[in-house]
Amino acid sequence: MNYSHEVENMCVLKKGPNHGPAPIPEEGKWVKAYQISDISGLSHGIGWCAPQQGTCKLTLNVKNGIIEEALVETIGCSGMTHSAAMAGEILPGKTILEALNTDLVCDAINVAMREIFKQLVYGRTQTAFSEDGLPVGATLEDLGKGLRSQIGTIFSTKVKGVRYLEMAEGYIIDVALKNDQPIGYKFVRVGKMLEDIRNGVDPKKAYEQNISTYGRYDEAEKYIDPRNE
């Protein structure tokens with residue numbers, strides 16, 4: 001260790017109380033984190049790329065500093081989606097410090113890693129007060145039927161108003177209107193429909209049996225296709 005001339009000429013003053021780091025909540029315990037292996041928890045991070053064309057939601061389940069599982073969800077950019085596939089291979093098995101300093105291919109995924117790192121090391125996780133945290137596999141609970149990301153896609157203009165295209169329930173088939181205002185919609189559960197088709201159900205039947213409605217759909221004066229009307 002090299003010291004400047006000024007420091008070399010200083011006298012020594014003894015250190016007073018030294019209590020270490022403040023404890024942070026981790027999986028139902030209060031932990032003083034001195035090293036990466038002291039960090040555990042499940043949390044989420046949101047990232048965006050430089051042109052802000054797309055975004056990433058990253059969910060990690062960390063045990064003793066090691067990433068045990070990762071869920072990478074992206075939207076808005078086809079390149080980012082392919083980068084997510086690579087990040088999904090890269091992340092598990094790394095320490096959170098390694099992952100923070102690894103190129104995860106896409107700006108948005110790198111930013112999401114930075115944001116989730118801060119939550120984990122500050123004890124701001126979803127499992128901060130959950131005894132023993134959540135088991136590996138818990139990140140899948142964020143997904144809908146058929147392990148498909150829940151997506152909301154809404155388009156609107158000043159001149160023509162709003163169009164619901166996809167909601168958490170599924171792909172919007174038509175929108176119910178009363179006094180030209182939306183009061184409900186019909187949708188198909190895409191994830192569940194695809195599961196049925198994979199299990200041998202006729203595609204037409206799978207489509208029909210996964211259609212449902214939301215809101216005051218039956219009270220409508222008319223119905224429109226939000227993609228073509």
# chains A, B, ... in the order shown; residues from 1 in each chain; ligands from 1

call {"tool": "residues_around", "arguments": {"residues": "Leu140 in chain A", "least_positions_apart": "6", "cutoff": "12 Å", "atoms": "only C-alpha atoms", "output": "list in words"}}
result
Leu58, Thr59, Leu60, Asn61, Glu69, Ala70, Leu71, Val72, Glu73, Leu134, Gly146, Leu147, Arg148, Ser149 and Gln150 of chain A

call {"tool": "write_last_selection", "arguments": {"atoms": "N, CA, C and O atoms", "output": "PDB file, in the first residue's frame"}}
result
ATOM      1  N   LEU A  58     -36.310  -8.680 -15.461  1.00  0.00           N
ATOM      2  CA  LEU A  58     -35.440  -9.771 -15.040  1.00  0.00           C
ATOM      3  C   LEU A  58     -35.811 -10.190 -13.623  1.00  0.00           C
ATOM      4  O   LEU A  58     -35.899  -9.350 -12.724  1.00  0.00           O
ATOM      5  N   THR A  59     -36.059 -11.474 -13.413  1.00  0.00           N
ATOM      6  CA  THR A  59     -36.366 -12.010 -12.092  1.00  0.00           C
ATOM      7  C   THR A  59     -35.304 -13.036 -11.736  1.00  0.00           C
ATOM      8  O   THR A  59     -35.046 -13.960 -12.498  1.00  0.00           O
ATOM      9  N   LEU A  60     -34.669 -12.863 -10.576  1.00  0.00           N
ATOM     10  CA  LEU A  60     -33.625 -13.784 -10.125  1.00  0.00           C
ATOM     11  C   LEU A  60     -33.965 -14.341  -8.754  1.00  0.00           C
ATOM     12  O   LEU A  60     -34.496 -13.631  -7.896  1.00  0.00           O
ATOM     13  N   ASN A  61     -33.654 -15.607  -8.546  1.00  0.00           N
ATOM     14  CA  ASN A  61     -33.742 -16.241  -7.231  1.00  0.00           C
ATOM     15  C   ASN A  61     -32.312 -16.558  -6.814  1.00  0.00           C
ATOM     16  O   ASN A  61     -31.652 -17.409  -7.423  1.00  0.00           O
ATOM     17  N   GLU A  69     -31.848 -19.421 -10.273  1.00  0.00           N
ATOM     18  CA  GLU A  69     -32.771 -19.425 -11.408  1.00  0.00           C
ATOM     19  C   GLU A  69     -32.957 -18.004 -11.915  1.00  0.00           C
ATOM     20  O   GLU A  69     -32.787 -17.029 -11.171  1.00  0.00           O
ATOM     21  N   ALA A  70     -33.280 -17.910 -13.203  1.00  0.00           N
ATOM     22  CA  ALA A  70     -33.489 -16.609 -13.835  1.00  0.00           C
ATOM     23  C   ALA A  70     -34.685 -16.683 -14.771  1.00  0.00           C
ATOM     24  O   ALA A  70     -34.851 -17.658 -15.502  1.00  0.00           O
ATOM     25  N   LEU A  71     -35.503 -15.650 -14.720  1.00  0.00           N
ATOM     26  CA  LEU A  71     -36.601 -15.488 -15.672  1.00  0.00           C
ATOM     27  C   LEU A  71     -36.355 -14.179 -16.409  1.00  0.00           C
ATOM     28  O   LEU A  71     -36.270 -13.122 -15.777  1.00  0.00           O
ATOM     29  N   VAL A  72     -36.194 -14.248 -17.723  1.00  0.00           N
ATOM     30  CA  VAL A  72     -35.911 -13.062 -18.531  1.00  0.00           C
ATOM     31  C   VAL A  72     -37.100 -12.821 -19.456  1.00  0.00           C
ATOM     32  O   VAL A  72     -37.408 -13.660 -20.302  1.00  0.00           O
ATOM     33  N   GLU A  73     -37.772 -11.689 -19.288  1.00  0.00           N
ATOM     34  CA  GLU A  73     -38.916 -11.344 -20.124  1.00  0.00           C
ATOM     35  C   GLU A  73     -38.606 -10.027 -20.836  1.00  0.00           C
ATOM     36  O   GLU A  73     -38.217  -9.049 -20.199  1.00  0.00           O
ATOM     37  N   LEU A 134     -38.116 -18.339  -1.291  1.00  0.00           N
ATOM     38  CA  LEU A 134     -38.965 -19.123  -2.180  1.00  0.00           C
ATOM     39  C   LEU A 134     -38.136 -20.215  -2.853  1.00  0.00           C
ATOM     40  O   LEU A 134     -36.954 -20.028  -3.125  1.00  0.00           O
ATOM     41  N   GLY A 146     -49.833 -21.782 -19.557  1.00  0.00           N
ATOM     42  CA  GLY A 146     -48.946 -22.135 -20.656  1.00  0.00           C
ATOM     43  C   GLY A 146     -47.577 -21.517 -20.504  1.00  0.00           C
ATOM     44  O   GLY A 146     -46.799 -21.486 -21.458  1.00  0.00           O
ATOM     45  N   LEU A 147     -47.266 -21.030 -19.297  1.00  0.00           N
ATOM     46  CA  LEU A 147     -45.981 -20.365 -19.015  1.00  0.00           C
ATOM     47  C   LEU A 147     -45.710 -19.281 -20.058  1.00  0.00           C
ATOM     48  O   LEU A 147     -44.666 -19.243 -20.707  1.00  0.00           O
ATOM     49  N   ARG A 148     -46.660 -18.389 -20.192  1.00  0.00           N
ATOM     50  CA  ARG A 148     -46.580 -17.300 -21.158  1.00  0.00           C
ATOM     51  C   ARG A 148     -46.625 -15.973 -20.417  1.00  0.00           C
ATOM     52  O   ARG A 148     -47.450 -15.779 -19.533  1.00  0.00           O
ATOM     53  N   SER A 149     -45.722 -15.067 -20.767  1.00  0.00           N
ATOM     54  CA  SER A 149     -45.673 -13.771 -20.097  1.00  0.00           C
ATOM     55  C   SER A 149     -47.008 -13.047 -20.208  1.00  0.00           C
ATOM     56  O   SER A 149     -47.670 -13.102 -21.251  1.00  0.00           O
ATOM     57  N   GLN A 150     -47.387 -12.376 -19.139  1.00  0.00           N
ATOM     58  CA  GLN A 150     -48.619 -11.586 -19.163  1.00  0.00           C
ATOM     59  C   GLN A 150     -48.319 -10.239 -19.827  1.00  0.00           C
ATOM     60  O   GLN A 150     -47.426  -9.516 -19.387  1.00  0.00           O
TER      61      GLN A 150
END

call {"tool": "select_by_dssp", "arguments": {"residues": "chain A", "states": "helix (DSSP H, G or I)", "output": "PyMOL selection string"}}
result
chain A and resi 5-8+36-38+78-90+96-100+107-121+138-142+190-198+203-209+217-219

call {"tool": "residues_around", "arguments": {"residues": "Phe155 in chain A", "least_positions_apart": "6", "cutoff": "9 Å", "atoms": "only C-alpha atoms", "output": "list of chain:residue names"}}
result
A:Gly161, A:Val162, A:Arg163, A:Tyr164, A:Leu165

call {"tool": "residues_around", "arguments": {"residues": "Lys192 in chain A", "least_positions_apart": "6", "cutoff": "9 Å", "atoms": "only C-alpha atoms", "output": "compact mmCIF listing (two decimals) with N, CA, C and O atoms, in the first residue's frame"}}
result
# COMPACT_ATOMS: atom_id res chain seq x y z
N GLY A 144 -48.40 -16.61 -16.90
CA GLY A 144 -49.78 -17.08 -16.99
C GLY A 144 -49.86 -18.51 -17.45
O GLY A 144 -48.86 -19.24 -17.47
N LYS A 145 -51.05 -18.94 -17.84
CA LYS A 145 -51.28 -20.30 -18.31
C LYS A 145 -50.40 -20.58 -19.53
O LYS A 145 -50.24 -19.73 -20.40
N GLY A 146 -49.83 -21.78 -19.56
CA GLY A 146 -48.95 -22.13 -20.66
C GLY A 146 -47.58 -21.52 -20.50
O GLY A 146 -46.80 -21.49 -21.46
N ALA A 206 -60.08 -26.10 -29.52
CA ALA A 206 -59.20 -25.48 -28.51
C ALA A 206 -59.41 -23.97 -28.49
O ALA A 206 -59.44 -23.35 -27.42
N ASN A 210 -61.52 -21.78 -25.22
CA ASN A 210 -60.70 -20.86 -24.43
C ASN A 210 -61.09 -19.40 -24.64
O ASN A 210 -60.33 -18.50 -24.29

call {"tool": "atom_distance", "arguments": {"atom1": "CA of Glu131 in chain A", "atom2": "CA of Pro21 in chain A"}}
result
21.6 Å

call {"tool": "residues_around", "arguments": {"residues": "range 39-53 of chain A", "least_positions_apart": "6", "cutoff": "7 Å", "atoms": "only C-alpha atoms", "output": "short mmCIF file (atom, residue, chain, number, x, y, z; two decimals) with C-alpha atoms, in the first residue's frame"}}
result
data_model
loop_
_atom_site.label_atom_id
_atom_site.label_comp_id
_atom_site.auth_asym_id
_atom_site.auth_seq_id
_atom_site.Cartn_x
_atom_site.Cartn_y
_atom_site.Cartn_z
CA GLU A 26 -33.14 -11.57 3.87
CA GLU A 27 -35.59 -14.44 3.68
CA ALA A 33 -23.67 -8.65 4.58
CA THR A 59 -36.37 -12.01 -12.09
CA LEU A 60 -33.62 -13.78 -10.13
CA ASN A 61 -33.74 -16.24 -7.23
CA VAL A 62 -30.43 -15.95 -5.38
CA LYS A 63 -29.25 -18.31 -2.64
CA ASN A 64 -25.98 -17.59 -0.78
CA GLY A 65 -24.85 -15.21 -3.49
CA GLY A 76 -40.49 -4.22 -27.94
CA CYS A 77 -37.34 -5.43 -29.71
CA ASP A 107 -28.37 -2.99 -22.92
CA ALA A 108 -31.82 -3.53 -21.42
CA ILE A 109 -30.85 -6.84 -19.80
CA VAL A 111 -29.58 -2.42 -16.94
CA ALA A 112 -32.11 -4.84 -15.43
CA MET A 113 -29.20 -6.74 -13.84
CA GLU A 115 -31.24 -2.60 -10.92
CA ILE A 116 -31.90 -6.03 -9.41
CA LEU A 120 -30.64 -7.64 -3.56
CA VAL A 121 -27.68 -6.05 -1.78
CA THR A 125 -36.38 -8.05 -2.20
CA GLN A 126 -39.77 -9.69 -2.62
CA THR A 127 -38.68 -12.34 -0.09
CA ALA A 128 -37.13 -10.03 2.50
CA GLY A 133 -37.39 -17.40 0.81
#

call {"tool": "closest_residue", "arguments": {"among": "A:Lys94, A:Arg124, A:Lys118, A:His82", "to": "Cys106 in chain A", "atoms": "only C-alpha atoms"}}
result
A:His82

call {"tool": "closest_residue", "arguments": {"among": "A:Tyr122, A:Ile173, A:Asn199, A:Tyr223", "to": "Ile211 in chain A", "atoms": "only C-alpha atoms"}}
result
A:Ile173

call {"tool": "closest_residue", "arguments": {"among": "A:Arg198, A:Arg227, A:Lys186, A:His19", "to": "Thr213 in chain A", "atoms": "only C-alpha atoms"}}
result
A:Lys186

call {"tool": "decode", "arguments": {"residues": "range 162-175 of chain A", "atoms": "all heavy atoms", "output": "PDB file, in the first residue's frame"}}
result
ATOM      1  N   VAL A 162     -59.268   4.640 -28.074  1.00  0.00           N
ATOM      2  CA  VAL A 162     -58.448   3.523 -27.603  1.00  0.00           C
ATOM      3  C   VAL A 162     -58.804   2.216 -28.305  1.00  0.00           C
ATOM      4  O   VAL A 162     -59.935   2.014 -28.738  1.00  0.00           O
ATOM      5  CB  VAL A 162     -58.596   3.355 -26.069  1.00  0.00           C
ATOM      6  CG1 VAL A 162     -59.980   2.840 -25.705  1.00  0.00           C
ATOM      7  CG2 VAL A 162     -57.507   2.455 -25.515  1.00  0.00           C
ATOM      8  N   ARG A 163     -57.797   1.326 -28.418  1.00  0.00           N
ATOM      9  CA  ARG A 163     -58.002  -0.031 -28.931  1.00  0.00           C
ATOM     10  C   ARG A 163     -57.281  -0.998 -27.989  1.00  0.00           C
ATOM     11  O   ARG A 163     -56.061  -0.915 -27.831  1.00  0.00           O
ATOM     12  CB  ARG A 163     -57.430  -0.184 -30.352  1.00  0.00           C
ATOM     13  CG  ARG A 163     -58.109   0.693 -31.417  1.00  0.00           C
ATOM     14  CD  ARG A 163     -59.566   0.308 -31.632  1.00  0.00           C
ATOM     15  NE  ARG A 163     -60.195   1.039 -32.733  1.00  0.00           N
ATOM     16  CZ  ARG A 163     -60.695   2.253 -32.658  1.00  0.00           C
ATOM     17  NH1 ARG A 163     -60.634   2.932 -31.509  1.00  0.00           N
ATOM     18  NH2 ARG A 163     -61.269   2.815 -33.700  1.00  0.00           N
ATOM     19  N   TYR A 164     -58.041  -1.898 -27.359  1.00  0.00           N
ATOM     20  CA  TYR A 164     -57.433  -2.944 -26.536  1.00  0.00           C
ATOM     21  C   TYR A 164     -57.010  -4.081 -27.472  1.00  0.00           C
ATOM     22  O   TYR A 164     -57.838  -4.620 -28.211  1.00  0.00           O
ATOM     23  CB  TYR A 164     -58.435  -3.496 -25.522  1.00  0.00           C
ATOM     24  CG  TYR A 164     -59.068  -2.481 -24.596  1.00  0.00           C
ATOM     25  CD1 TYR A 164     -60.302  -2.739 -24.011  1.00  0.00           C
ATOM     26  CD2 TYR A 164     -58.447  -1.272 -24.311  1.00  0.00           C
ATOM     27  CE1 TYR A 164     -60.901  -1.821 -23.158  1.00  0.00           C
ATOM     28  CE2 TYR A 164     -59.038  -0.359 -23.460  1.00  0.00           C
ATOM     29  CZ  TYR A 164     -60.268  -0.631 -22.894  1.00  0.00           C
ATOM     30  OH  TYR A 164     -60.848   0.279 -22.051  1.00  0.00           O
ATOM     31  N   LEU A 165     -55.737  -4.449 -27.447  1.00  0.00           N
ATOM     32  CA  LEU A 165     -55.229  -5.504 -28.330  1.00  0.00           C
ATOM     33  C   LEU A 165     -54.885  -6.784 -27.581  1.00  0.00           C
ATOM     34  O   LEU A 165     -55.147  -7.885 -28.062  1.00  0.00           O
ATOM     35  CB  LEU A 165     -53.998  -4.992 -29.086  1.00  0.00           C
ATOM     36  CG  LEU A 165     -54.224  -3.728 -29.931  1.00  0.00           C
ATOM     37  CD1 LEU A 165     -52.917  -3.283 -30.572  1.00  0.00           C
ATOM     38  CD2 LEU A 165     -55.296  -3.950 -30.976  1.00  0.00           C
ATOM     39  N   GLU A 166     -54.291  -6.633 -26.417  1.00  0.00           N
ATOM     40  CA  GLU A 166     -54.001  -7.798 -25.581  1.00  0.00           C
ATOM     41  C   GLU A 166     -53.968  -7.353 -24.124  1.00  0.00           C
ATOM     42  O   GLU A 166     -53.435  -6.299 -23.805  1.00  0.00           O
ATOM     43  CB  GLU A 166     -52.664  -8.446 -25.971  1.00  0.00           C
ATOM     44  CG  GLU A 166     -52.412  -9.762 -25.241  1.00  0.00           C
ATOM     45  CD  GLU A 166     -51.563 -10.745 -26.039  1.00  0.00           C
ATOM     46  OE1 GLU A 166     -51.226 -10.449 -27.183  1.00  0.00           O
ATOM     47  OE2 GLU A 166     -51.256 -11.817 -25.485  1.00  0.00           O
ATOM     48  N   MET A 167     -54.568  -8.189 -23.254  1.00  0.00           N
ATOM     49  CA  MET A 167     -54.604  -7.909 -21.828  1.00  0.00           C
ATOM     50  C   MET A 167     -54.058  -9.124 -21.097  1.00  0.00           C
ATOM     51  O   MET A 167     -53.726 -10.139 -21.713  1.00  0.00           O
ATOM     52  CB  MET A 167     -56.036  -7.600 -21.374  1.00  0.00           C
ATOM     53  CG  MET A 167     -56.700  -6.466 -22.124  1.00  0.00           C
ATOM     54  SD  MET A 167     -56.058  -4.844 -21.668  1.00  0.00           S
ATOM     55  CE  MET A 167     -57.171  -4.426 -20.345  1.00  0.00           C
ATOM     56  N   ALA A 168     -53.985  -9.022 -19.773  1.00  0.00           N
ATOM     57  CA  ALA A 168     -53.461 -10.140 -18.988  1.00  0.00           C
ATOM     58  C   ALA A 168     -54.222 -11.430 -19.263  1.00  0.00           C
ATOM     59  O   ALA A 168     -53.652 -12.517 -19.270  1.00  0.00           O
ATOM     60  CB  ALA A 168     -53.515  -9.814 -17.491  1.00  0.00           C
ATOM     61  N   GLU A 169     -55.553 -11.299 -19.533  1.00  0.00           N
ATOM     62  CA  GLU A 169     -56.361 -12.494 -19.772  1.00  0.00           C
ATOM     63  C   GLU A 169     -56.011 -13.169 -21.097  1.00  0.00           C
ATOM     64  O   GLU A 169     -56.115 -14.381 -21.236  1.00  0.00           O
ATOM     65  CB  GLU A 169     -57.860 -12.140 -19.787  1.00  0.00           C
ATOM     66  CG  GLU A 169     -58.396 -11.627 -18.474  1.00  0.00           C
ATOM     67  CD  GLU A 169     -58.265 -10.117 -18.347  1.00  0.00           C
ATOM     68  OE1 GLU A 169     -57.618  -9.482 -19.210  1.00  0.00           O
ATOM     69  OE2 GLU A 169     -58.815  -9.565 -17.394  1.00  0.00           O
ATOM     70  N   GLY A 170     -55.631 -12.366 -22.098  1.00  0.00           N
ATOM     71  CA  GLY A 170     -55.294 -12.951 -23.391  1.00  0.00           C
ATOM     72  C   GLY A 170     -55.457 -11.992 -24.555  1.00  0.00           C
ATOM     73  O   GLY A 170     -55.565 -10.779 -24.386  1.00  0.00           O
ATOM     74  N   TYR A 171     -55.488 -12.568 -25.754  1.00  0.00           N
ATOM     75  CA  TYR A 171     -55.597 -11.849 -27.024  1.00  0.00           C
ATOM     76  C   TYR A 171     -57.029 -11.354 -27.204  1.00  0.00           C
ATOM     77  O   TYR A 171     -57.976 -12.135 -27.125  1.00  0.00           O
ATOM     78  CB  TYR A 171     -55.199 -12.812 -28.143  1.00  0.00           C
ATOM     79  CG  TYR A 171     -55.280 -12.295 -29.548  1.00  0.00           C
ATOM     80  CD1 TYR A 171     -54.154 -11.776 -30.179  1.00  0.00           C
ATOM     81  CD2 TYR A 171     -56.473 -12.374 -30.272  1.00  0.00           C
ATOM     82  CE1 TYR A 171     -54.210 -11.340 -31.489  1.00  0.00           C
ATOM     83  CE2 TYR A 171     -56.540 -11.930 -31.587  1.00  0.00           C
ATOM     84  CZ  TYR A 171     -55.403 -11.421 -32.193  1.00  0.00           C
ATOM     85  OH  TYR A 171     -55.472 -10.991 -33.494  1.00  0.00           O
ATOM     86  N   ILE A 172     -57.199 -10.056 -27.453  1.00  0.00           N
ATOM     87  CA  ILE A 172     -58.535  -9.478 -27.563  1.00  0.00           C
ATOM     88  C   ILE A 172     -59.125  -9.753 -28.948  1.00  0.00           C
ATOM     89  O   ILE A 172     -58.513  -9.426 -29.971  1.00  0.00           O
ATOM     90  CB  ILE A 172     -58.511  -7.962 -27.305  1.00  0.00           C
ATOM     91  CG1 ILE A 172     -57.853  -7.650 -25.954  1.00  0.00           C
ATOM     92  CG2 ILE A 172     -59.932  -7.396 -27.362  1.00  0.00           C
ATOM     93  CD1 ILE A 172     -58.509  -8.273 -24.771  1.00  0.00           C
ATOM     94  N   ILE A 173     -60.311 -10.358 -28.959  1.00  0.00           N
ATOM     95  CA  ILE A 173     -61.003 -10.671 -30.209  1.00  0.00           C
ATOM     96  C   ILE A 173     -61.900  -9.507 -30.628  1.00  0.00           C
ATOM     97  O   ILE A 173     -61.887  -9.069 -31.769  1.00  0.00           O
ATOM     98  CB  ILE A 173     -61.843 -11.947 -30.057  1.00  0.00           C
ATOM     99  CG1 ILE A 173     -60.934 -13.128 -29.703  1.00  0.00           C
ATOM    100  CG2 ILE A 173     -62.634 -12.224 -31.331  1.00  0.00           C
ATOM    101  CD1 ILE A 173     -61.693 -14.369 -29.286  1.00  0.00           C
ATOM    102  N   ASP A 174     -62.720  -9.023 -29.700  1.00  0.00           N
ATOM    103  CA  ASP A 174     -63.517  -7.839 -29.998  1.00  0.00           C
ATOM    104  C   ASP A 174     -63.784  -7.054 -28.722  1.00  0.00           C
ATOM    105  O   ASP A 174     -63.651  -7.577 -27.614  1.00  0.00           O
ATOM    106  CB  ASP A 174     -64.812  -8.172 -30.740  1.00  0.00           C
ATOM    107  CG  ASP A 174     -65.735  -9.110 -29.968  1.00  0.00           C
ATOM    108  OD1 ASP A 174     -65.951  -8.879 -28.777  1.00  0.00           O
ATOM    109  OD2 ASP A 174     -66.248 -10.068 -30.578  1.00  0.00           O
ATOM    110  N   VAL A 175     -64.123  -5.782 -28.899  1.00  0.00           N
ATOM    111  CA  VAL A 175     -64.373  -4.863 -27.788  1.00  0.00           C
ATOM    112  C   VAL A 175     -65.853  -4.493 -27.775  1.00  0.00           C
ATOM    113  O   VAL A 175     -66.436  -4.184 -28.824  1.00  0.00           O
ATOM    114  CB  VAL A 175     -63.501  -3.595 -27.902  1.00  0.00           C
ATOM    115  CG1 VAL A 175     -63.825  -2.611 -26.781  1.00  0.00           C
ATOM    116  CG2 VAL A 175     -62.019  -3.957 -27.882  1.00  0.00           C
TER     117      VAL A 175
END
